[in-house]
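Visitor: Take a look at data-v6.csv, CSV, C-alpha atoms:
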chain,number,residue,atom,x,y,z
C,23,MET,CA,9.8,0.9,-21.0
C,24,LYS,CA,9.7,-2.3,-23.0
C,25,HIS,CA,12.8,-4.2,-24.0
C,26,GLN,CA,13.2,-7.5,-25.8
C,27,TYR,CA,15.8,-9.8,-24.2
C,28,ARG,CA,14.8,-13.0,-25.9
C,29,ALA,CA,12.8,-14.1,-29.0
C,30,CYS,CA,9.1,-14.0,-28.7
C,31,ASN,CA,7.7,-17.5,-29.0
C,32,LEU,CA,4.7,-17.1,-26.7
C,33,ARG,CA,1.5,-19.0,-27.7
C,34,SER,CA,-1.5,-17.1,-28.8
C,35,ALA,CA,-3.4,-18.1,-25.6
C,36,THR,CA,-0.5,-16.7,-23.5
C,37,MET,CA,-0.5,-13.5,-25.5
C,38,ALA,CA,-4.2,-13.1,-24.9
C,39,VAL,CA,-3.7,-13.2,-21.1
C,40,ILE,CA,-0.8,-10.7,-21.3
C,41,GLU,CA,-2.9,-8.3,-23.3
C,42,GLN,CA,-5.6,-8.5,-20.6
C,43,ALA,CA,-2.9,-7.7,-18.1
C,44,ASN,CA,-1.7,-4.8,-20.1
C,45,GLU,CA,-5.2,-3.4,-20.3
C,46,ILE,CA,-5.5,-3.4,-16.5
C,47,ILE,CA,-2.0,-2.0,-16.1
C,48,THR,CA,-2.8,0.9,-18.5
C,49,GLU,CA,-6.0,1.6,-16.6
C,50,TYR,CA,-4.3,2.0,-13.3
C,51,MET,CA,-1.2,3.8,-14.7
C,52,ALA,CA,-3.6,6.4,-16.1
C,53,ASP,CA,-4.8,7.1,-12.5
C,54,GLY,CA,-1.2,7.3,-11.3
C,55,TYR,CA,-1.1,3.8,-9.6
C,56,GLU,CA,1.6,1.2,-10.0
C,57,LEU,CA,0.5,-2.4,-9.3
C,58,THR,CA,2.3,-5.3,-7.7
C,59,VAL,CA,1.9,-8.7,-9.2
C,60,ARG,CA,-0.4,-9.6,-6.2
C,61,GLN,CA,-2.7,-6.6,-7.0
C,62,LEU,CA,-2.7,-7.5,-10.7
C,63,TYR,CA,-3.6,-11.1,-9.7
C,64,TYR,CA,-6.6,-9.9,-7.6
C,65,GLN,CA,-7.8,-7.8,-10.5
C,66,PHE,CA,-7.8,-10.9,-12.7
C,67,VAL,CA,-9.8,-12.8,-10.0
C,68,ALA,CA,-12.3,-9.9,-9.4
C,69,ARG,CA,-12.9,-9.6,-13.2
C,70,ASP,CA,-13.0,-13.3,-13.7
C,71,MET,CA,-10.2,-13.3,-16.3
C,72,PHE,CA,-8.6,-16.6,-15.5
C,73,PRO,CA,-9.4,-19.4,-17.9
C,74,GLU,CA,-12.1,-21.8,-16.8
C,75,ASP,CA,-9.7,-24.7,-16.7
C,76,ARG,CA,-7.8,-23.0,-14.0
C,77,ARG,CA,-10.1,-23.8,-11.1
C,78,TRP,CA,-8.7,-25.3,-7.9
C,79,THR,CA,-9.6,-26.7,-4.5
C,80,TRP,CA,-7.5,-26.6,-1.4
C,81,THR,CA,-7.3,-30.1,0.2
C,82,GLY,CA,-5.8,-28.9,3.4
C,83,ARG,CA,-2.3,-29.8,2.1
C,84,ARG,CA,-2.2,-28.7,-1.5
C,85,TRP,CA,-4.1,-27.2,-4.4
C,86,VAL,CA,-5.7,-29.6,-6.8
C,87,LYS,CA,-7.5,-29.0,-10.1
C,88,ASP,CA,-11.3,-29.0,-9.7
C,89,PRO,CA,-13.8,-27.9,-12.3
C,90,ASN,CA,-16.1,-26.7,-9.5
C,91,GLY,CA,-13.3,-25.0,-7.5
C,92,THR,CA,-12.1,-21.4,-7.2
C,93,LYS,CA,-9.9,-19.3,-9.4
C,94,ASN,CA,-8.6,-17.5,-6.4
C,95,ALA,CA,-5.8,-19.9,-5.8
C,96,ASP,CA,-2.0,-19.7,-5.3
C,97,PRO,CA,-1.3,-21.7,-8.5
C,98,ASN,CA,-3.0,-19.0,-10.5
C,99,TYR,CA,-1.0,-16.3,-8.8
C,100,LYS,CA,2.2,-18.1,-9.7
C,101,TRP,CA,1.0,-18.8,-13.2
C,102,LEU,CA,0.2,-15.1,-13.9
C,103,GLY,CA,3.5,-14.0,-12.3
C,104,GLY,CA,5.3,-16.3,-14.7
C,105,LEU,CA,3.4,-14.9,-17.7
C,106,ILE,CA,4.2,-11.4,-16.7
C,107,ASN,CA,7.9,-12.3,-16.4
C,108,ASP,CA,7.9,-13.9,-19.8
C,109,GLY,CA,6.1,-10.9,-21.3
C,110,ARG,CA,8.7,-8.6,-20.0
C,111,LEU,CA,11.6,-10.7,-21.3
C,112,VAL,CA,10.1,-10.8,-24.8
C,113,GLY,CA,9.3,-7.1,-24.9
C,114,VAL,CA,5.5,-7.0,-24.6
C,115,VAL,CA,5.1,-5.9,-21.0
C,116,ASP,CA,6.5,-2.6,-19.7
C,117,TRP,CA,9.2,-3.2,-17.1
C,118,ASN,CA,8.0,-0.1,-15.2
C,119,SER,CA,4.4,-1.2,-15.0
C,120,ILE,CA,4.8,-3.7,-12.2
C,121,VAL,CA,6.6,-2.8,-9.0
C,122,ASP,CA,8.2,-4.7,-6.1
C,123,ARG,CA,8.0,-2.4,-3.1
C,124,THR,CA,9.8,-4.7,-0.7
C,125,ARG,CA,13.2,-4.4,-2.4
C,126,HIS,CA,15.0,-1.2,-3.2
C,127,VAL,CA,18.4,0.3,-3.3
C,128,VAL,CA,19.5,3.0,-0.9
C,129,ARG,CA,21.9,5.6,-2.2
C,130,ASN,CA,23.2,9.1,-1.4
C,131,THR,CA,21.7,12.2,-3.1
C,132,HIS,CA,24.1,14.1,-5.4
C,133,TRP,CA,23.9,17.5,-7.1
C,134,ASP,CA,25.6,18.9,-10.2
C,135,ASN,CA,25.8,22.4,-8.9
C,136,PRO,CA,24.5,24.5,-5.9
C,137,SER,CA,21.6,25.9,-7.8
C,138,GLN,CA,20.1,22.4,-8.1
C,139,ILE,CA,20.0,22.0,-4.3
C,140,LEU,CA,18.4,25.4,-3.9
C,141,GLN,CA,15.7,24.5,-6.4
C,142,SER,CA,15.2,21.2,-4.6
C,143,ALA,CA,14.9,23.0,-1.3
C,144,ALA,CA,12.3,25.4,-2.7
C,145,ASN,CA,10.3,22.5,-4.1
C,146,GLY,CA,10.6,20.3,-1.0
C,147,TYR,CA,10.3,22.9,1.8
C,148,SER,CA,7.5,21.9,4.1
C,149,ILE,CA,6.3,22.7,7.6
C,150,ASP,CA,4.1,20.5,9.8
C,151,THR,CA,0.7,21.4,8.5
C,152,ARG,CA,-0.9,19.3,11.2
C,153,ARG,CA,1.0,20.8,14.1
C,154,ASP,CA,-2.1,22.5,15.6
C,155,GLN,CA,-4.6,19.7,14.9
C,156,PRO,CA,-6.5,18.3,17.9
C,157,THR,CA,-5.8,14.7,16.7
C,158,TYR,CA,-2.4,13.3,15.8
C,159,ILE,CA,-2.9,10.6,13.1
C,160,GLU,CA,-0.7,7.7,11.8
C,161,VAL,CA,-1.7,5.1,9.2
C,162,TRP,CA,-0.3,1.6,9.7
C,163,VAL,CA,-0.6,-1.2,7.2
C,164,GLU,CA,0.2,-4.9,7.7
C,165,LYS,CA,2.0,-5.3,4.3
C,166,GLU,CA,5.0,-3.4,2.9
C,167,SER,CA,3.8,-4.2,-0.6
C,168,LEU,CA,1.0,-1.6,-0.1
C,169,ALA,CA,3.3,1.2,0.9
C,170,GLY,CA,2.8,2.9,-2.5
C,171,ILE,CA,-0.9,3.2,-1.9
C,172,LEU,CA,-0.4,4.6,1.6
C,173,GLU,CA,2.1,7.1,0.2
C,174,ARG,CA,-0.4,8.3,-2.3
C,175,ALA,CA,-3.1,8.8,0.3
C,176,CYS,CA,-1.0,10.1,3.3
C,177,GLU,CA,1.6,12.4,1.8
C,178,PRO,CA,-1.0,15.0,0.5
C,179,MET,CA,-2.5,15.0,3.9
C,180,ASP,CA,0.9,15.3,5.7
C,181,ILE,CA,0.2,12.1,7.7
C,182,PRO,CA,2.9,9.6,8.7
C,183,TYR,CA,2.5,6.0,7.6
C,184,PHE,CA,4.2,2.9,8.8
C,185,CYS,CA,4.5,-0.6,7.2
C,186,CYS,CA,4.3,-3.3,9.9
C,187,LYS,CA,5.7,-6.1,7.7
C,188,GLY,CA,3.5,-8.6,9.7
C,189,ASN,CA,3.8,-8.7,13.4
C,190,VAL,CA,5.7,-5.6,14.5
C,191,SER,CA,9.0,-6.2,16.4
C,192,GLN,CA,9.2,-5.2,20.0
C,193,SER,CA,11.9,-2.6,19.2
C,194,ALA,CA,9.8,-1.0,16.5
C,195,MET,CA,6.7,-1.0,18.8
C,196,TRP,CA,8.6,0.6,21.7
C,197,ARG,CA,9.9,3.3,19.3
C,198,ALA,CA,6.4,3.9,18.0
C,199,SER,CA,5.1,4.3,21.6
C,200,ARG,CA,7.8,6.9,22.3
C,201,ARG,CA,6.9,8.8,19.1
C,202,ILE,CA,3.3,8.8,20.0
C,203,ILE,CA,3.9,9.9,23.6
C,204,SER,CA,5.9,12.8,22.4
C,205,GLN,CA,3.0,14.3,20.5
C,206,ASP,CA,1.3,17.4,21.9
C,207,ASN,CA,-2.1,16.7,20.5
C,208,ASP,CA,-5.3,16.1,22.5
C,209,LYS,CA,-5.8,12.7,20.9
C,210,VAL,CA,-3.8,10.1,19.0
C,211,VAL,CA,-5.3,7.7,16.5
C,212,VAL,CA,-3.6,4.9,14.5
C,213,LEU,CA,-5.6,4.0,11.4
C,214,TYR,CA,-4.8,0.3,10.8
C,215,LEU,CA,-5.2,-1.8,7.7
C,216,GLY,CA,-4.6,-5.5,7.5
C,217,ASP,CA,-5.8,-8.8,6.0
C,218,HIS,CA,-9.0,-10.5,7.3
C,219,ASP,CA,-7.4,-13.8,8.2
C,220,PRO,CA,-6.5,-15.5,11.5
C,221,SER,CA,-3.2,-13.6,12.0
C,222,GLY,CA,-4.3,-10.4,10.3
C,223,MET,CA,-7.3,-10.0,12.6
C,224,ASP,CA,-5.1,-10.6,15.6
C,225,MET,CA,-2.4,-8.1,14.6
C,226,SER,CA,-4.5,-5.0,15.2
C,227,ARG,CA,-5.4,-6.3,18.6
C,228,ASP,CA,-1.7,-6.9,19.3
C,229,VAL,CA,-0.8,-3.4,18.2
C,230,GLN,CA,-3.3,-1.9,20.6
C,231,ASP,CA,-2.2,-4.1,23.5
C,232,ARG,CA,1.5,-3.4,23.1
C,233,LEU,CA,1.1,0.3,22.7
C,234,ASP,CA,-1.0,0.2,25.9
C,235,LEU,CA,1.8,-1.8,27.6
C,236,PHE,CA,4.3,1.0,26.7
C,237,ASN,CA,2.0,3.6,28.1
C,238,ALA,CA,1.1,5.3,24.8
C,239,ASP,CA,-2.4,6.8,25.0
C,240,VAL,CA,-3.6,5.9,21.6
C,241,HIS,CA,-6.7,4.5,19.9
C,242,VAL,CA,-6.0,1.9,17.2
C,243,ASP,CA,-8.9,2.1,14.7
C,244,ARG,CA,-9.0,-0.9,12.3
C,245,ILE,CA,-10.4,0.7,9.2
C,246,ALA,CA,-9.8,-2.3,6.9
C,247,LEU,CA,-10.3,-5.1,6.2
C,248,ASN,CA,-13.5,-5.6,8.1
C,249,LEU,CA,-16.5,-7.9,7.6
C,250,ASP,CA,-18.9,-5.1,6.6
C,251,GLN,CA,-16.5,-4.0,3.9
C,252,ILE,CA,-16.2,-7.6,2.7
C,253,LYS,CA,-20.0,-7.9,2.4
C,254,LYS,CA,-20.1,-4.6,0.6
C,255,LEU,CA,-17.1,-4.9,-1.7
C,256,ASN,CA,-17.2,-8.7,-2.2
C,257,PRO,CA,-13.4,-9.3,-2.6
C,258,PRO,CA,-12.5,-12.8,-3.6
C,259,PRO,CA,-12.0,-15.2,-0.6
C,260,SER,CA,-9.4,-17.8,0.0
C,261,PRO,CA,-9.2,-20.6,2.5
C,262,ALA,CA,-7.9,-19.6,5.9
C,263,LYS,CA,-4.6,-21.2,6.8
C,264,VAL,CA,-5.3,-24.3,9.0
C,265,THR,CA,-1.7,-24.2,10.2
C,266,ASP,CA,-2.2,-20.8,11.8
C,267,SER,CA,-2.4,-21.1,15.6
C,268,ARG,CA,-5.4,-18.7,15.6
C,269,TYR,CA,-7.3,-20.7,13.0
C,270,ALA,CA,-9.8,-22.3,15.3
C,271,ALA,CA,-10.8,-19.1,17.0
C,272,TYR,CA,-11.1,-17.3,13.7
C,273,VAL,CA,-13.2,-20.1,12.1
C,274,GLU,CA,-15.6,-20.1,15.0
C,275,GLU,CA,-16.2,-16.3,14.6
C,276,PHE,CA,-15.9,-15.8,10.8
C,277,GLY,CA,-15.9,-19.2,9.1
C,278,ASP,CA,-13.1,-20.8,7.1
C,279,ASP,CA,-12.8,-18.1,4.4
C,280,SER,CA,-10.2,-15.3,4.6
C,281,TRP,CA,-9.6,-12.1,2.5
C,282,GLU,CA,-6.4,-10.2,1.7
C,283,LEU,CA,-6.2,-6.4,1.8
C,284,ASP,CA,-4.4,-6.6,-1.6
C,285,ALA,CA,-7.7,-7.8,-3.1
C,286,LEU,CA,-9.3,-4.3,-2.7
C,287,ASP,CA,-9.0,-1.9,-5.5
C,288,PRO,CA,-6.1,0.5,-4.7
C,289,ARG,CA,-8.4,3.4,-5.3
C,290,THR,CA,-10.8,2.1,-2.7
C,291,ILE,CA,-8.0,1.9,-0.1
C,292,ASN,CA,-6.9,5.4,-1.0
C,293,GLU,CA,-10.5,6.7,-0.6
C,294,LEU,CA,-11.0,4.9,2.7
C,295,ILE,CA,-7.8,6.4,4.3
C,296,THR,CA,-8.6,9.8,3.0
C,297,LYS,CA,-12.2,9.7,4.3
C,298,GLU,CA,-11.2,8.5,7.8
C,299,ALA,CA,-8.3,11.0,8.1
C,300,ASN,CA,-10.4,13.9,6.9
C,301,ALA,CA,-13.0,13.1,9.6
C,302,LEU,CA,-10.3,13.7,12.2
C,303,THR,CA,-8.9,16.8,10.6
C,304,ASP,CA,-9.6,20.5,11.2
C,305,THR,CA,-9.4,21.6,7.6
C,306,LYS,CA,-9.6,25.3,8.4
C,307,LYS,CA,-6.5,25.2,10.6
C,308,ARG,CA,-4.6,23.1,8.1
C,309,ARG,CA,-5.4,25.4,5.2
C,310,ALA,CA,-3.9,28.3,7.1
C,311,LEU,CA,-0.6,26.4,7.6
C,312,ILE,CA,-0.5,25.3,4.0
C,313,LYS,CA,-0.8,29.0,3.0
C,314,GLU,CA,2.1,29.8,5.3
C,315,GLN,CA,4.1,27.0,3.7
C,316,GLU,CA,3.5,28.2,0.2
C,317,SER,CA,4.6,31.7,1.2
C,318,GLN,CA,7.9,30.4,2.5
C,319,ARG,CA,8.4,28.2,-0.6
C,320,GLU,CA,8.0,31.3,-2.8
C,321,LYS,CA,10.8,33.0,-0.9
C,322,LEU,CA,13.1,30.1,-1.4
C,323,GLN,CA,12.1,29.9,-5.1
C,324,THR,CA,13.1,33.6,-5.5
C,325,ILE,CA,16.6,32.7,-4.1
C,326,ALA,CA,16.9,29.7,-6.4
C,327,ASP,CA,15.9,31.8,-9.4
C,328,ARG,CA,18.5,34.5,-8.6
C,329,TYR,CA,21.4,32.1,-7.7
C,330,ASP,CA,23.1,32.5,-11.1
C,331,TYR,CA,23.1,36.3,-10.7
C,332,LEU,CA,24.8,36.2,-7.3
C,333,GLU,CA,28.5,37.2,-7.3
C,334,ILE,CA,30.1,34.4,-5.3
C,335,GLU,CA,33.9,33.9,-5.5
What would you get if you wrote out this structure as structure tokens?

Guide:
Amino acid sequence: MKHQYRACNLRSATMAVIEQANEIITEYMADGYELTVRQLYYQFVARDMFPEDRRWTWTGRRWVKDPNGTKNADPNYKWLGGLINDGRLVGVVDWNSIVDRTRHVVRNTHWDNPSQILQSAANGYSIDTRRDQPTYIEVWVEKESLAGILERACEPMDIPYFCCKGNVSQSAMWRASRRIISQDNDKVVVLYLGDHDPSGMDMSRDVQDRLDLFNADVHVDRIALNLDQIKKLNPPPSPAKVTDSRYAAYVEEFGDDSWELDALDPRTINELITKEANALTDTKKRRALIKEQESQREKLQTIADRYDYLEIE
């Protein structure tokens, strides 16, 4: 939805950048993806869409303009975010095209009549289609901003997913361990995705250590972002944070570049999760349970369809 809230007085150069953004947005919306500003920014970096005069170098304290510098710089992220904001206000960028997954309202569900809730029950009825799987799987991601991508990958496979929001609190980790211990599967695996930077690399280690501490028999498999994927996919690097307490150890092993998970194409993340989860899934068993689920949904649908014909005082 586009709506104009103020007069459009954007310069032609600004409009050209906004049109480039709209092309990327349209491409991903056609595949069913909603982008955050961060993901849109990384598409600009990967496709080399930032103007040549927007190259920067990090001095260790701040970003400075440098004709030999990088376009993957925080000033460009803020600049693009400002243009998208202006484009929305003047009615040239769809308000629904960019999402903020970290802020949302919580409200109760309401119905206009009983037949609606019956229809909803028929549509939403589900059983645990992984209840007899040898491996219980959860997908964890470092950033809440990527929750939409996990939802798209995990929901069709009936796999729980969890947004860590950085370092997981002790309370959330303890509850996760209780959840994992309660599983009746032969094996438990957490597929973990995070940034390749000093803190991000340490977080997956910390998750494994604390689940071990709480006696949860689980294997944490860091499936992204790893060095082999960086070499293959070539996401844009950025300087590792020198203020991070893990900086020295990280630089000794990996050098002073870091990479954000957001820099990967959302479709790549989706495919990666799907591939890893499928490798741990007995598809024959799951197909049988999906068939059972569909049969039960059909029964509920029959009740919903006949509701108006029931004689209820």

Visitor: Ranking C:Pro156, C:Val229, C:Lys87, C:Val115 by minimum distance to Ser191 of chain C and counting only C-alpha atoms, which one comes first?

Guide: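 Among the listed residues, C:Val229 lies closest to Ser191 of chain C.
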
Visitor: How many Å separate atom CA of Gly104 of chain C from atom CA of Trp281 of chain C?

Guide: 23.1 Å

Visitor: For Leu286 of chain C, which residue among C:Ser204, C:Asn107, C:Gln65, C:Ser193 is the nearest when counting all atoms listed in the file?

Guide: C:Gln65

Visitor: Fewer than 3 positions away in the same chain doesn't count, so skip those; otherwise give me all residues within 7 Å of Ile40 of chain C, counting all atoms listed in the file, as an MDAnalysis selection string.

Guide: chainID C and resid 36:37 43:44 105:106 109

Visitor: Only C-alpha atoms, please: the residues just picked out, written as a PDB file, in the coordinates of the input.

Guide:
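Output file result.pdb follows:
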ATOM      1  CA  THR C  36      -0.500 -16.700 -23.500  1.00  0.00           C
ATOM      2  CA  MET C  37      -0.500 -13.500 -25.500  1.00  0.00           C
ATOM      3  CA  ALA C  43      -2.900  -7.700 -18.100  1.00  0.00           C
ATOM      4  CA  ASN C  44      -1.700  -4.800 -20.100  1.00  0.00           C
ATOM      5  CA  LEU C 105       3.400 -14.900 -17.700  1.00  0.00           C
ATOM      6  CA  ILE C 106       4.200 -11.400 -16.700  1.00  0.00           C
ATOM      7  CA  GLY C 109       6.100 -10.900 -21.300  1.00  0.00           C
TER       8      GLY C 109
END

Visitor: Return the single residue from C:Arg83, C:Lys253, C:Lys297, C:Lys321 that is closest to Asn145 of chain C, with distances computed using all atoms listed in the file.

Guide: C:Lys321

Visitor: Please, which residues in segment 159-237 of chain C fall within 12 Å of segment 309-317 of chain C when counting all atoms listed in the file, and what is the closest atom pair and distance in Å to one decimal for each, ordered by chain then residue number, as CSV?

Guide:
residue,atom,partner,partner_atom,distance
C:Pro178,CA,C:Ile312,CA,10.9
C:Met179,CA,C:Ile312,CA,10.5
C:Asp180,CA,C:Ile312,CA,10.2

Visitor: Point out the residue among C:Ala175, C:Val161, C:Met225, C:Cys185 with the least atom-to-atom distance to Val212 of chain C, counting all atoms listed in the file.

Guide: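 Using all atoms listed in the file, Val212 of chain C sits closest to C:Val161.
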
Visitor: Using only C-alpha atoms, which of C:Ser221, C:Thr290, C:Ile295, C:Asp208 sits nearest Ala270 of chain C?

Guide: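 Selected residue with least distance to Ala270 of chain C: C:Ser221.
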
Visitor: Could you state the separation of atom CA of Gly146 of chain C and atom CA of Leu168 of chain C in Å, given to one decimal place?

Guide: 23.9 Å

Visitor: Under the rule that all atoms listed in the file are counted, which of C:Ser167, C:Ser226, C:Thr81, C:Thr48 is the nearest residue to Val190 of chain C?

Guide: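 The shortest atom-to-atom distance to Val190 of chain C comes from C:Ser226.
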
Visitor: Find the residues around Gly113 of chain C up to 10 Å (all atoms listed in the file counted), leave out those fewer than 6 positions away in its own chain, and share them as an MDAnalysis selection string.

Guide: chainID C and resid 23:30

Visitor: List the spatial neighbours of Gly277 of chain C as a PDB file with C-alpha atoms, keeping the file's coordinate frame - criterion: any atom at most 12 Å away, only C-alpha atoms, same-chain residues fewer than 2 positions off excluded.

Guide:
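Result file result-v8.pdb:
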ATOM      1  CA  HIS C 218      -9.000 -10.500   7.300  1.00  0.00           C
ATOM      2  CA  ASP C 219      -7.400 -13.800   8.200  1.00  0.00           C
ATOM      3  CA  PRO C 220      -6.500 -15.500  11.500  1.00  0.00           C
ATOM      4  CA  LEU C 249     -16.500  -7.900   7.600  1.00  0.00           C
ATOM      5  CA  PRO C 259     -12.000 -15.200  -0.600  1.00  0.00           C
ATOM      6  CA  SER C 260      -9.400 -17.800   0.000  1.00  0.00           C
ATOM      7  CA  PRO C 261      -9.200 -20.600   2.500  1.00  0.00           C
ATOM      8  CA  ALA C 262      -7.900 -19.600   5.900  1.00  0.00           C
ATOM      9  CA  LYS C 263      -4.600 -21.200   6.800  1.00  0.00           C
ATOM     10  CA  VAL C 264      -5.300 -24.300   9.000  1.00  0.00           C
ATOM     11  CA  TYR C 269      -7.300 -20.700  13.000  1.00  0.00           C
ATOM     12  CA  ALA C 270      -9.800 -22.300  15.300  1.00  0.00           C
ATOM     13  CA  ALA C 271     -10.800 -19.100  17.000  1.00  0.00           C
ATOM     14  CA  TYR C 272     -11.100 -17.300  13.700  1.00  0.00           C
ATOM     15  CA  VAL C 273     -13.200 -20.100  12.100  1.00  0.00           C
ATOM     16  CA  GLU C 274     -15.600 -20.100  15.000  1.00  0.00           C
ATOM     17  CA  GLU C 275     -16.200 -16.300  14.600  1.00  0.00           C
ATOM     18  CA  ASP C 279     -12.800 -18.100   4.400  1.00  0.00           C
ATOM     19  CA  SER C 280     -10.200 -15.300   4.600  1.00  0.00           C
ATOM     20  CA  TRP C 281      -9.600 -12.100   2.500  1.00  0.00           C
TER      21      TRP C 281
END

Visitor: Fewer than 6 positions away in the same chain doesn't count, so skip those; otherwise give me all residues within 12 Å of Leu294 of chain C, counting only C-alpha atoms, as a CSV table (one decimal) with C-alpha atoms, keeping the file's coordinate frame.

Guide:
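Okay, out20.csv is ready:
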chain,number,residue,atom,x,y,z
C,161,VAL,CA,-1.7,5.1,9.2
C,171,ILE,CA,-0.9,3.2,-1.9
C,172,LEU,CA,-0.4,4.6,1.6
C,175,ALA,CA,-3.1,8.8,0.3
C,176,CYS,CA,-1.0,10.1,3.3
C,213,LEU,CA,-5.6,4.0,11.4
C,214,TYR,CA,-4.8,0.3,10.8
C,215,LEU,CA,-5.2,-1.8,7.7
C,244,ARG,CA,-9.0,-0.9,12.3
C,245,ILE,CA,-10.4,0.7,9.2
C,246,ALA,CA,-9.8,-2.3,6.9
C,247,LEU,CA,-10.3,-5.1,6.2
C,251,GLN,CA,-16.5,-4.0,3.9
C,286,LEU,CA,-9.3,-4.3,-2.7
C,287,ASP,CA,-9.0,-1.9,-5.5
C,288,PRO,CA,-6.1,0.5,-4.7
C,300,ASN,CA,-10.4,13.9,6.9
C,301,ALA,CA,-13.0,13.1,9.6

Visitor: Which distance in Å separates atom CA of Gly216 of chain C and atom CA of Glu282 of chain C, to one decimal?

Guide: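 According to the coordinates, atom CA of Gly216 of chain C and atom CA of Glu282 of chain C are separated by 7.7 Å.
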
Visitor: Is there a way to get, as a list of chain:residue names, all residues within 12 Å of the point (-8.2, 19.2, 12.6) in file coordinates, counting all atoms listed in the file?

Guide: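 The requested residues, written out, are C:Thr151, C:Arg152, C:Arg153, C:Asp154, C:Gln155, C:Pro156, C:Thr157, C:Tyr158, C:Ile159, C:Met179, C:Asn207, C:Asp208, C:Lys209, C:Val210, C:Ala299, C:Asn300, C:Ala301, C:Leu302, C:Thr303, C:Asp304, C:Thr305, C:Lys306, C:Lys307, C:Arg308, C:Arg309, C:Ala310, C:Leu311.
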